[in-house]
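Let me begin by presenting the structure, written as structure tokens, before commenting on it.
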Amino acid sequence: MSQQLPDIDQQLANHKLSQEDYKHIKEILGREPNLVELGIFSAMWSEHCSYKSSKVHLKGFPTKAPWVIQGPGENAGVIDIGDGYAAVFKMESHNHPSFIEPYQGAATGVGGIMRDIFTMGARPVANLNALRFGNISNDDAISKHQRYLVRGVTEGIGGYGNCMGVPTIGGETSFDECYNGNILVNAFTLGLAKADEIFYGRAEGTGNPVLYVGAKTGRDGLGGAVMSSDSFTEESKSLRPTVQVGDPFTEKLLLEACLELFKTDYVVGIQDMGAAGLTSSSFEMAGRSGSGMIMHLDKVPAREEGMTPYEFMLSESQERMLLCAKKGSEEEIIKIFEKWDLDAAVIGEVTDTGNMELFWHGEKVAEVPVDPVSEEAPELKRPMKRPEYLDLIAETTIDDFPKVSNQEAFEKLTKSMEVVDKSWIYAQYDSMVQTNTVKKGGELDASVIRVKENGRALAMSADCNVRYCYVDPRGGAAAAVIESGRNVAMSGARPLAITDCLNYGNPENPEVMWQFGEGCLGIKEACAELNTPVIGGNVSLYNETEGVSVFPTPSIATVGVNDDQNNVLLSTFQNEGDILYLIGESKSEFGGSLYMKEICGTVAGKLPEIDYKKELALWDLVIEANKKHLLECAKDLSSGGLAIALVKMAATSGYGCDVKVSVADERDIFAESFSRAVVAVKPENAAMFETMAKEYLPVEKIGSVGGKSVVCNDVTLGMEQLKDNYFNTFQRVVEQDI
């Protein structure tokens, strides 16, 4: 079975393994590995599967709460949402594949995260995404390519999600030069299940059969997991074969077949074949149970001729599952999948050896102990160094730049790619399929679906301000948790848990590793203070091209529950004449702000102050006032401060507003102090709201809804111009090459 590999140095380089790794592999096996075994270790010890660079920093995340049913370690996290129902959700990255091949990279990212959800026994009911692109506004080759990537990624997400019949109800899209060489595509799916009918990825019970179900295996995606362990260079363009090809119609059949299967008692455990395909799914299932497994690779359904054991183990063909079943149920399971026109085959069985034994036409071609592959995976304590740039930018303020009139700044900010409406993107997603969407993309802050089964509503929001993470990696990551939770609270829902996608640069750079470590500390702190535990997530490293890493981008998705689906709080103006209030304390805080980026042309300064007590007070005030039906709408203040929040509320509602707010500096209408929101209240509810609000936070009456302009202190813009800026700018930019 074992034979000396030729040119071992080249083989190790191809598999992104070090000489130290190779020595360790030989110690585990007690001999030289063959090519199949080397491929298995390479995939399982890749960044994607082993978290070897990040594991040391991920320890200590808050993961428990009374409502958490399943935390990290399974295909997805699970929370209790009342009356016997559970929400199952997770977010993952598909960055490298989407940069190489935007349509298929994004599409298969959506497909993969949906499989993670329905593998748990949940029907997917909502998708979000968090997308980061480079500069799309110029006439140069970079912007032209970025516009191509925007179009391809959008089409891929829409094409897959729409075919699956799962609504894409929100997310965020942002643009920064730091993503010129490495875009980020993070996909989130949430599903619903009965709380006592959750399925887990385990293979246990000696003699129980192991079945392969779904689409046939091809050679697509070979080396996909290993690709996560390296940065981009010019040569990366040759990596196109490592990008998988998705088929949403097959996935829809797989979804329905799995949900039908789950109504039986045949399933012991089930696992999606994601990164590293058959390798990761089999080793993870056996590893969770402390068991072994025999697999006959010649029995795996193939769609290409002449495939080898190595290719079967490392293919990342899409729409496939591995399941462990109760002995004797094989024929019934196969019937279910054949009914849905899917392949199903018994390819092995569970053993008590603790080893993964692979056979090819009766000959053993690999034998690897299961536990050491995960338990003894490299756990690197990479060097860390505080970046020198932090000292250079810390004392920078807006006063270091030529002063610009508020009106000029206001008009420029209303056309910022970060501010303007992205309906060109989200209009390509079906947001209303399944007929449960209450608040969708473009309607500001969190997105919301109703849960018909229990009368509640689920609010969800994906957020990360990357400029904050650049100027303060720890505080910026905490701010992402805060903003994501705040957006959920603005809909009247109580934030309950988060999933994350930690996108960073090259971990071999000590400064990037320091950013990552600090980001993890920020998330731990914020989740503990806000009582929103981490129930799952994903790490994506090596987001670097030609030595340039992306800004730290820890995307956070928060999910919360509103007890009354008929009392979802909206984020846009509802009635002319409503009184507007500013909740929270405003200061001249511009560190990492949109104003500093767009008006001053830099990303610098000190992060606004974080105060968790004030943040929770804001959430409590809005949630409780909404329960009393005192609020007409609520919108948090984030990028661009008060002035830009008013622009968004006005543009999306069609109502103007007239606002006068007290400020220390006239530019503070653009400041980005945390823990603030604008709410609208009917005149007859004003006194009751003011009395209630004083128990929580400072509140200032700042104006009213109505008129044909947005007026905020010394700036004004007519609704016609404002709506043109807001709704048409993005389309004009992104379509200029078409």
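Ordering of the structure tokens sets the chain letters (A, B, ...); residue numbers start at 1 within each chain; ligands are numbered from 1 in the order shown.
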
Determine, counting only C-alpha atoms, which protein, DNA and RNA residues have an atom within 10 Å of an atom of segment 43-55 of chain A; residues of the same chain fewer than 6 positions away are not included. Present the result as number ranges by chain. A: 15-17, 21, 37, 93, 223-230, 275-277, 279-280, 283-284, 313-314, 373-382, 502, 507-508, 513, 516-517, 520, 538-542

Could you write out that same residue set with C-alpha atoms as a PDB file, in the first residue's frame?
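Done, and the output landed in result-v2.pdb:
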```
ATOM      1  CA  HIS A  15       0.237  20.136  -1.077  1.00  0.00           C
ATOM      2  CA  LYS A  16       1.235  23.198   1.003  1.00  0.00           C
ATOM      3  CA  LEU A  17       2.898  20.978   3.614  1.00  0.00           C
ATOM      4  CA  ASP A  21       4.426  18.418   8.711  1.00  0.00           C
ATOM      5  CA  GLU A  37      -2.656   9.727   2.310  1.00  0.00           C
ATOM      6  CA  SER A  93     -16.592  32.625   2.927  1.00  0.00           C
ATOM      7  CA  GLY A 223      -7.313  21.306  -4.335  1.00  0.00           C
ATOM      8  CA  GLY A 224      -9.941  23.847  -3.306  1.00  0.00           C
ATOM      9  CA  ALA A 225      -9.355  23.490   0.442  1.00  0.00           C
ATOM     10  CA  VAL A 226      -5.575  23.584  -0.051  1.00  0.00           C
ATOM     11  CA  MET A 227      -5.972  26.820  -2.018  1.00  0.00           C
ATOM     12  CA  SER A 228      -7.073  28.482   1.241  1.00  0.00           C
ATOM     13  CA  SER A 229      -3.516  28.068   2.561  1.00  0.00           C
ATOM     14  CA  ASP A 230      -1.859  30.452   0.133  1.00  0.00           C
ATOM     15  CA  ALA A 275     -14.261  21.814   1.291  1.00  0.00           C
ATOM     16  CA  ALA A 276     -12.063  18.722   0.876  1.00  0.00           C
ATOM     17  CA  GLY A 277     -15.170  16.765  -0.135  1.00  0.00           C
ATOM     18  CA  THR A 279     -12.097  13.504   2.937  1.00  0.00           C
ATOM     19  CA  SER A 280     -13.394  16.133   5.344  1.00  0.00           C
ATOM     20  CA  PHE A 283     -13.029  12.178   8.832  1.00  0.00           C
ATOM     21  CA  GLU A 284     -15.249  14.702  10.621  1.00  0.00           C
ATOM     22  CA  MET A 313     -11.107  11.789  -1.920  1.00  0.00           C
ATOM     23  CA  LEU A 314     -10.220  15.392  -2.808  1.00  0.00           C
ATOM     24  CA  VAL A 373      -5.715  13.946  11.592  1.00  0.00           C
ATOM     25  CA  SER A 374      -7.760  16.494  13.548  1.00  0.00           C
ATOM     26  CA  GLU A 375      -6.392  16.245  17.091  1.00  0.00           C
ATOM     27  CA  GLU A 376      -2.753  16.500  15.991  1.00  0.00           C
ATOM     28  CA  ALA A 377      -3.256  19.005  13.196  1.00  0.00           C
ATOM     29  CA  PRO A 378      -0.684  21.799  13.387  1.00  0.00           C
ATOM     30  CA  GLU A 379      -1.640  24.489  15.865  1.00  0.00           C
ATOM     31  CA  LEU A 380       0.594  27.371  14.969  1.00  0.00           C
ATOM     32  CA  LYS A 381       1.470  30.197  17.308  1.00  0.00           C
ATOM     33  CA  ARG A 382       2.552  32.531  14.579  1.00  0.00           C
ATOM     34  CA  LEU A 502     -13.220  36.300   9.879  1.00  0.00           C
ATOM     35  CA  PRO A 507      -1.088  34.992   8.606  1.00  0.00           C
ATOM     36  CA  GLU A 508       2.623  34.632   7.876  1.00  0.00           C
ATOM     37  CA  MET A 513      -1.647  37.897  12.775  1.00  0.00           C
ATOM     38  CA  PHE A 516      -6.451  38.744  13.754  1.00  0.00           C
ATOM     39  CA  GLY A 517      -5.678  38.115  17.411  1.00  0.00           C
ATOM     40  CA  CYS A 520     -10.866  37.831  18.140  1.00  0.00           C
ATOM     41  CA  ASN A 538     -15.586  30.545   9.445  1.00  0.00           C
ATOM     42  CA  VAL A 539     -12.008  31.831   9.140  1.00  0.00           C
ATOM     43  CA  SER A 540     -10.633  32.987   5.784  1.00  0.00           C
ATOM     44  CA  LEU A 541      -6.939  33.853   5.725  1.00  0.00           C
ATOM     45  CA  TYR A 542      -4.452  34.571   2.935  1.00  0.00           C
TER      46      TYR A 542
END
```

Would you kindly return, as a list in words, each protein, DNA or RNA residue with an atom no farther than 6 Å from any atom of segment 384-399 of chain A, considering only C-alpha atoms and excluding same-chain residues fewer than 6 positions away?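 The filter keeps Pro510, Glu511, Met513, Trp514, Ala604, Gly605 and Lys606 of chain A.
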
Residues of the last selection are to be written out with N, CA and C atoms, as a PDB file, in the first residue's frame.
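Output file result.pdb follows:
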```
ATOM      1  N   PRO A 510       3.433  38.936  10.567  1.00  0.00           N
ATOM      2  CA  PRO A 510       3.151  39.129  11.994  1.00  0.00           C
ATOM      3  C   PRO A 510       2.148  40.242  12.279  1.00  0.00           C
ATOM      4  N   GLU A 511       2.131  41.275  11.433  1.00  0.00           N
ATOM      5  CA  GLU A 511       1.180  42.365  11.649  1.00  0.00           C
ATOM      6  C   GLU A 511      -0.253  41.917  11.362  1.00  0.00           C
ATOM      7  N   MET A 513      -1.294  38.817  11.688  1.00  0.00           N
ATOM      8  CA  MET A 513      -1.647  37.897  12.775  1.00  0.00           C
ATOM      9  C   MET A 513      -2.018  38.671  14.030  1.00  0.00           C
ATOM     10  N   TRP A 514      -1.374  39.787  14.245  1.00  0.00           N
ATOM     11  CA  TRP A 514      -1.726  40.635  15.393  1.00  0.00           C
ATOM     12  C   TRP A 514      -3.130  41.206  15.198  1.00  0.00           C
ATOM     13  N   ALA A 604      -8.085  56.967   8.986  1.00  0.00           N
ATOM     14  CA  ALA A 604      -7.203  57.265  10.114  1.00  0.00           C
ATOM     15  C   ALA A 604      -8.032  57.704  11.312  1.00  0.00           C
ATOM     16  N   GLY A 605      -7.302  57.982  12.422  1.00  0.00           N
ATOM     17  CA  GLY A 605      -7.944  58.506  13.617  1.00  0.00           C
ATOM     18  C   GLY A 605      -8.180  57.450  14.680  1.00  0.00           C
ATOM     19  N   LYS A 606      -8.859  57.880  15.751  1.00  0.00           N
ATOM     20  CA  LYS A 606      -9.193  56.991  16.862  1.00  0.00           C
ATOM     21  C   LYS A 606     -10.647  56.561  16.745  1.00  0.00           C
TER      22      LYS A 606
END
```

Quick one: everything within 9 Å of segment 703-710 of chain A, counting only C-alpha atoms, minus sequence neighbours fewer than 6 positions away in the same chain. Send it as a PyMOL selection string. chain A and resi 573-581+643+646-647+650+654-661+680+716-720+722

Could you check the closest approach to Tyr103 of chain A for each of A:Thr217, A:Gln244, A:Thr652, A:Asn129 and tell me which residue wins, using only C-alpha atoms? A:Gln244

Please provide the set of residues having any atom within 6 Å of Pro495 of chain A, restricted to only C-alpha atoms, with same-chain residues fewer than 6 positions apart removed, written as number ranges by chain. A: 485, 559-560

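Atom CA of Lys412 of chain A to atom CA of Gly475 of chain A spans 27.7 Å [interatomic distance, one decimal].
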
Point out the residue among A:Lys144, A:Gly290, A:Ala366, A:Gly492 with the least atom-to-atom distance to Leu38 of chain A, counting only C-alpha atoms.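 For Leu38 of chain A, the nearest of the candidates is A:Ala366.
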
From A:Val268, A:Met460, A:Val488, A:Val681, residue lying nearest Met91 of chain A [only C-alpha atoms]: A:Met460

Proximity of segment 464-524 of chain A to segment 430-449 of chain A: per-residue shortest pair, 9 Å limit, only C-alpha atoms, as a tab-separated table:
```
residue	atom	partner	partner_atom	distance
A:Ser484	CA	A:Ala446	CA	8.1
A:Gly485	CA	A:Ala446	CA	9.0
A:Arg486	CA	A:Asp445	CA	8.5
A:Asn487	CA	A:Asp445	CA	4.9
A:Val488	CA	A:Ala446	CA	5.1
A:Ala489	CA	A:Ala446	CA	8.3
A:Met490	CA	A:Asp445	CA	7.3
A:Ser491	CA	A:Ala446	CA	6.6
```

Dump of N, CA, C and O atoms for the selected residues, as a PDB file, in the first residue's frame:
```pdb
ATOM      1  N   SER A 484     -24.147  45.032  14.184  1.00  0.00           N
ATOM      2  CA  SER A 484     -25.015  43.962  13.718  1.00  0.00           C
ATOM      3  C   SER A 484     -26.162  43.744  14.710  1.00  0.00           C
ATOM      4  O   SER A 484     -27.323  43.616  14.320  1.00  0.00           O
ATOM      5  N   GLY A 485     -25.824  43.723  15.990  1.00  0.00           N
ATOM      6  CA  GLY A 485     -26.864  43.586  17.012  1.00  0.00           C
ATOM      7  C   GLY A 485     -27.795  44.779  17.054  1.00  0.00           C
ATOM      8  O   GLY A 485     -29.018  44.634  17.217  1.00  0.00           O
ATOM      9  N   ARG A 486     -27.224  45.977  16.903  1.00  0.00           N
ATOM     10  CA  ARG A 486     -28.044  47.199  16.931  1.00  0.00           C
ATOM     11  C   ARG A 486     -29.053  47.201  15.796  1.00  0.00           C
ATOM     12  O   ARG A 486     -30.214  47.580  15.969  1.00  0.00           O
ATOM     13  N   ASN A 487     -28.621  46.782  14.615  1.00  0.00           N
ATOM     14  CA  ASN A 487     -29.549  46.735  13.480  1.00  0.00           C
ATOM     15  C   ASN A 487     -30.715  45.797  13.757  1.00  0.00           C
ATOM     16  O   ASN A 487     -31.863  46.080  13.390  1.00  0.00           O
ATOM     17  N   VAL A 488     -30.424  44.656  14.383  1.00  0.00           N
ATOM     18  CA  VAL A 488     -31.492  43.717  14.745  1.00  0.00           C
ATOM     19  C   VAL A 488     -32.440  44.353  15.759  1.00  0.00           C
ATOM     20  O   VAL A 488     -33.668  44.262  15.639  1.00  0.00           O
ATOM     21  N   ALA A 489     -31.866  45.016  16.761  1.00  0.00           N
ATOM     22  CA  ALA A 489     -32.695  45.661  17.783  1.00  0.00           C
ATOM     23  C   ALA A 489     -33.577  46.750  17.198  1.00  0.00           C
ATOM     24  O   ALA A 489     -34.706  46.973  17.662  1.00  0.00           O
ATOM     25  N   MET A 490     -33.093  47.446  16.154  1.00  0.00           N
ATOM     26  CA  MET A 490     -33.886  48.511  15.539  1.00  0.00           C
ATOM     27  C   MET A 490     -35.159  47.979  14.876  1.00  0.00           C
ATOM     28  O   MET A 490     -36.057  48.751  14.558  1.00  0.00           O
ATOM     29  N   SER A 491     -35.236  46.663  14.675  1.00  0.00           N
ATOM     30  CA  SER A 491     -36.458  46.080  14.107  1.00  0.00           C
ATOM     31  C   SER A 491     -37.421  45.619  15.198  1.00  0.00           C
ATOM     32  O   SER A 491     -38.474  45.052  14.898  1.00  0.00           O
TER      33      SER A 491
END
```

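Residue nearest Ile347 of chain A, chosen from A:Val210, A:Ala286, A:Met307, A:Ala651 and counting only C-alpha atoms: A:Val210.
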
Filtered DSSP result for segment 156-197 of chain A, state alpha helix (DSSP H), as a PyMOL selection string: chain A and resi 156-164

Go ahead and write the residues just picked, all heavy atoms, as a compact mmCIF listing (two decimals), in the first residue's frame.
```
# COMPACT_ATOMS: atom_id res chain seq x y z
N GLY A 156 -24.17 35.13 -9.83
CA GLY A 156 -23.99 33.81 -9.23
C GLY A 156 -24.84 33.61 -8.00
O GLY A 156 -25.49 32.57 -7.82
N ILE A 157 -24.88 34.62 -7.13
CA ILE A 157 -25.70 34.54 -5.91
C ILE A 157 -27.17 34.44 -6.28
O ILE A 157 -27.91 33.58 -5.77
CB ILE A 157 -25.45 35.76 -5.01
CG1 ILE A 157 -24.04 35.71 -4.43
CG2 ILE A 157 -26.49 35.82 -3.89
CD1 ILE A 157 -23.64 36.98 -3.71
N GLY A 158 -27.60 35.32 -7.18
CA GLY A 158 -29.01 35.32 -7.58
C GLY A 158 -29.40 34.04 -8.28
O GLY A 158 -30.44 33.44 -8.01
N GLY A 159 -28.54 33.59 -9.20
CA GLY A 159 -28.85 32.40 -9.97
C GLY A 159 -29.06 31.18 -9.09
O GLY A 159 -30.01 30.42 -9.26
N TYR A 160 -28.18 30.99 -8.10
CA TYR A 160 -28.28 29.81 -7.25
C TYR A 160 -29.43 29.94 -6.25
O TYR A 160 -30.28 29.05 -6.13
CB TYR A 160 -26.97 29.57 -6.51
CG TYR A 160 -26.73 28.10 -6.20
CD1 TYR A 160 -25.82 27.36 -6.94
CD2 TYR A 160 -27.42 27.46 -5.17
CE1 TYR A 160 -25.59 26.02 -6.67
CE2 TYR A 160 -27.21 26.13 -4.90
CZ TYR A 160 -26.29 25.41 -5.64
OH TYR A 160 -26.08 24.08 -5.37
N GLY A 161 -29.46 31.06 -5.53
CA GLY A 161 -30.50 31.23 -4.51
C GLY A 161 -31.90 31.23 -5.08
O GLY A 161 -32.83 30.62 -4.53
N ASN A 162 -32.07 31.89 -6.23
CA ASN A 162 -33.40 31.96 -6.84
C ASN A 162 -33.88 30.57 -7.27
O ASN A 162 -35.05 30.22 -7.10
CB ASN A 162 -33.40 32.90 -8.04
CG ASN A 162 -33.10 34.35 -7.65
OD1 ASN A 162 -33.04 34.68 -6.46
ND2 ASN A 162 -32.90 35.20 -8.63
N CYS A 163 -32.97 29.79 -7.85
CA CYS A 163 -33.35 28.44 -8.29
C CYS A 163 -33.71 27.54 -7.11
O CYS A 163 -34.53 26.63 -7.25
CB CYS A 163 -32.22 27.80 -9.08
SG CYS A 163 -31.95 28.56 -10.70
N MET A 164 -33.12 27.81 -5.96
CA MET A 164 -33.40 26.99 -4.78
C MET A 164 -34.72 27.37 -4.11
O MET A 164 -35.19 26.66 -3.23
CB MET A 164 -32.26 27.14 -3.76
CG MET A 164 -31.01 26.39 -4.13
SD MET A 164 -31.24 24.60 -4.06
CE MET A 164 -31.46 24.35 -2.31
```

How many Å separate atom CA of Asn138 of chain A from atom CA of Asn180 of chain A?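 About the pair atom CA of Asn138 of chain A and atom CA of Asn180 of chain A: they are 12.0 Å apart.
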
Segment 527-675 of chain A: residues DSSP assigns to strand (DSSP E), reported as a PDB file with C-alpha atoms, in the first residue's frame:
```pdb
ATOM      1  CA  VAL A 534     -20.924  32.874  18.882  1.00  0.00           C
ATOM      2  CA  ILE A 535     -22.601  29.677  17.638  1.00  0.00           C
ATOM      3  CA  GLY A 536     -20.494  29.047  14.541  1.00  0.00           C
ATOM      4  CA  GLY A 537     -18.465  30.673  11.837  1.00  0.00           C
ATOM      5  CA  ASN A 538     -15.586  30.545   9.445  1.00  0.00           C
ATOM      6  CA  VAL A 539     -12.008  31.831   9.140  1.00  0.00           C
ATOM      7  CA  SER A 540     -10.633  32.987   5.784  1.00  0.00           C
ATOM      8  CA  GLU A 544      -3.645  38.861  -0.035  1.00  0.00           C
ATOM      9  CA  THR A 545      -2.445  39.539  -3.551  1.00  0.00           C
ATOM     10  CA  VAL A 548      -0.983  43.399  -0.184  1.00  0.00           C
ATOM     11  CA  SER A 549      -3.449  42.157   2.442  1.00  0.00           C
ATOM     12  CA  THR A 553     -12.825  42.227   7.852  1.00  0.00           C
ATOM     13  CA  PRO A 554     -14.563  40.235  10.589  1.00  0.00           C
ATOM     14  CA  SER A 555     -18.073  40.055   9.127  1.00  0.00           C
ATOM     15  CA  ILE A 556     -20.691  39.485  11.820  1.00  0.00           C
ATOM     16  CA  ALA A 557     -24.240  38.218  11.296  1.00  0.00           C
ATOM     17  CA  THR A 558     -26.625  38.544  14.242  1.00  0.00           C
ATOM     18  CA  VAL A 559     -29.986  36.826  14.573  1.00  0.00           C
ATOM     19  CA  GLY A 560     -32.720  37.973  16.942  1.00  0.00           C
ATOM     20  CA  VAL A 561     -36.311  37.139  17.803  1.00  0.00           C
ATOM     21  CA  ASN A 562     -39.335  39.432  17.878  1.00  0.00           C
ATOM     22  CA  ILE A 579     -41.689  63.809  15.396  1.00  0.00           C
ATOM     23  CA  LEU A 580     -38.032  62.811  15.121  1.00  0.00           C
ATOM     24  CA  TYR A 581     -35.814  62.092  18.097  1.00  0.00           C
ATOM     25  CA  LEU A 582     -32.095  61.440  18.333  1.00  0.00           C
ATOM     26  CA  ILE A 583     -31.303  58.841  20.986  1.00  0.00           C
ATOM     27  CA  CYS A 633     -39.634  53.656  12.745  1.00  0.00           C
ATOM     28  CA  ALA A 634     -36.081  53.380  14.044  1.00  0.00           C
ATOM     29  CA  LYS A 635     -32.754  53.716  12.241  1.00  0.00           C
ATOM     30  CA  ASP A 636     -29.337  53.358  13.802  1.00  0.00           C
ATOM     31  CA  CYS A 657     -37.576  65.985   6.898  1.00  0.00           C
ATOM     32  CA  ASP A 658     -36.568  69.154   8.715  1.00  0.00           C
ATOM     33  CA  VAL A 659     -33.998  68.613  11.450  1.00  0.00           C
TER      34      VAL A 659
END
```

What's around Pro473 of chain A at 8 Å? Count only C-alpha atoms, leave out sequence neighbours fewer than 4 positions away in its own chain, and write the answer as a VMD selection string. chain A and resid 468 to 469 477 515 to 516 518 to 519 522 552

Spatial neighbours of Arg132 of chain A, max dist 9 Å, only C-alpha atoms, sep filter under 4 positions, as a list of chain:residue names: A:Glu172, A:Thr173, A:Ser174, A:Phe175, A:Asp176, A:Tyr179, A:Asn182, A:Ile183, A:Leu184, A:Val185, A:Asn186

Write the residues of the preceding selection, restricted to N, CA and C atoms, as a PDB file, in the first residue's frame.
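Listing of selection_12.pdb after writing:
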```pdb
ATOM      1  N   GLU A 172     -24.945  43.239   2.930  1.00  0.00           N
ATOM      2  CA  GLU A 172     -24.274  44.519   2.709  1.00  0.00           C
ATOM      3  C   GLU A 172     -23.220  44.366   1.623  1.00  0.00           C
ATOM      4  N   THR A 173     -22.991  45.474   0.930  1.00  0.00           N
ATOM      5  CA  THR A 173     -21.966  45.527  -0.101  1.00  0.00           C
ATOM      6  C   THR A 173     -21.145  46.782   0.119  1.00  0.00           C
ATOM      7  N   SER A 174     -19.834  46.643   0.203  1.00  0.00           N
ATOM      8  CA  SER A 174     -18.987  47.824   0.391  1.00  0.00           C
ATOM      9  C   SER A 174     -17.792  47.761  -0.544  1.00  0.00           C
ATOM     10  N   PHE A 175     -17.138  48.905  -0.689  1.00  0.00           N
ATOM     11  CA  PHE A 175     -16.072  49.049  -1.675  1.00  0.00           C
ATOM     12  C   PHE A 175     -14.885  49.752  -1.043  1.00  0.00           C
ATOM     13  N   ASP A 176     -13.710  49.224  -1.271  1.00  0.00           N
ATOM     14  CA  ASP A 176     -12.498  49.871  -0.783  1.00  0.00           C
ATOM     15  C   ASP A 176     -11.321  49.384  -1.615  1.00  0.00           C
ATOM     16  N   TYR A 179      -9.492  45.934  -1.403  1.00  0.00           N
ATOM     17  CA  TYR A 179     -10.016  44.698  -1.998  1.00  0.00           C
ATOM     18  C   TYR A 179      -9.759  44.624  -3.501  1.00  0.00           C
ATOM     19  N   ASN A 182      -8.333  41.277  -4.083  1.00  0.00           N
ATOM     20  CA  ASN A 182      -8.866  40.132  -3.333  1.00  0.00           C
ATOM     21  C   ASN A 182     -10.250  40.484  -2.811  1.00  0.00           C
ATOM     22  N   ILE A 183     -11.290  40.173  -3.562  1.00  0.00           N
ATOM     23  CA  ILE A 183     -12.648  40.472  -3.098  1.00  0.00           C
ATOM     24  C   ILE A 183     -13.063  39.473  -2.019  1.00  0.00           C
ATOM     25  N   LEU A 184     -14.077  39.821  -1.271  1.00  0.00           N
ATOM     26  CA  LEU A 184     -14.614  38.938  -0.244  1.00  0.00           C
ATOM     27  C   LEU A 184     -16.076  38.642  -0.542  1.00  0.00           C
ATOM     28  N   VAL A 185     -16.434  37.362  -0.529  1.00  0.00           N
ATOM     29  CA  VAL A 185     -17.819  36.937  -0.736  1.00  0.00           C
ATOM     30  C   VAL A 185     -18.198  36.039   0.435  1.00  0.00           C
ATOM     31  N   ASN A 186     -19.003  36.577   1.349  1.00  0.00           N
ATOM     32  CA  ASN A 186     -19.446  35.832   2.525  1.00  0.00           C
ATOM     33  C   ASN A 186     -20.940  35.560   2.410  1.00  0.00           C
TER      34      ASN A 186
END
```

Any chance you could tabulate, as a Markdown table, the residues of segment 31-72 of chain A at most 12 Å from segment 6-11 of chain A with each one's nearest atom pair and distance in Å to one decimal, using only C-alpha atoms, in chain and rising number order?
```
| residue | atom | partner | partner_atom | distance |
| --- | --- | --- | --- | --- |
| A:Glu32 | CA | A:Ile8 | CA | 10.6 |
| A:Pro33 | CA | A:Ile8 | CA | 10.5 |
| A:Asn34 | CA | A:Pro6 | CA | 10.1 |
| A:Leu35 | CA | A:Gln11 | CA | 8.7 |
| A:Val36 | CA | A:Gln11 | CA | 11.7 |
| A:Leu38 | CA | A:Gln11 | CA | 8.7 |
| A:Gly39 | CA | A:Gln11 | CA | 9.6 |
| A:Ser42 | CA | A:Gln11 | CA | 10.4 |
```

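The space separating atom CA of Thr499 of chain A from atom CA of Thr250 of chain A comes to 27.2 Å.
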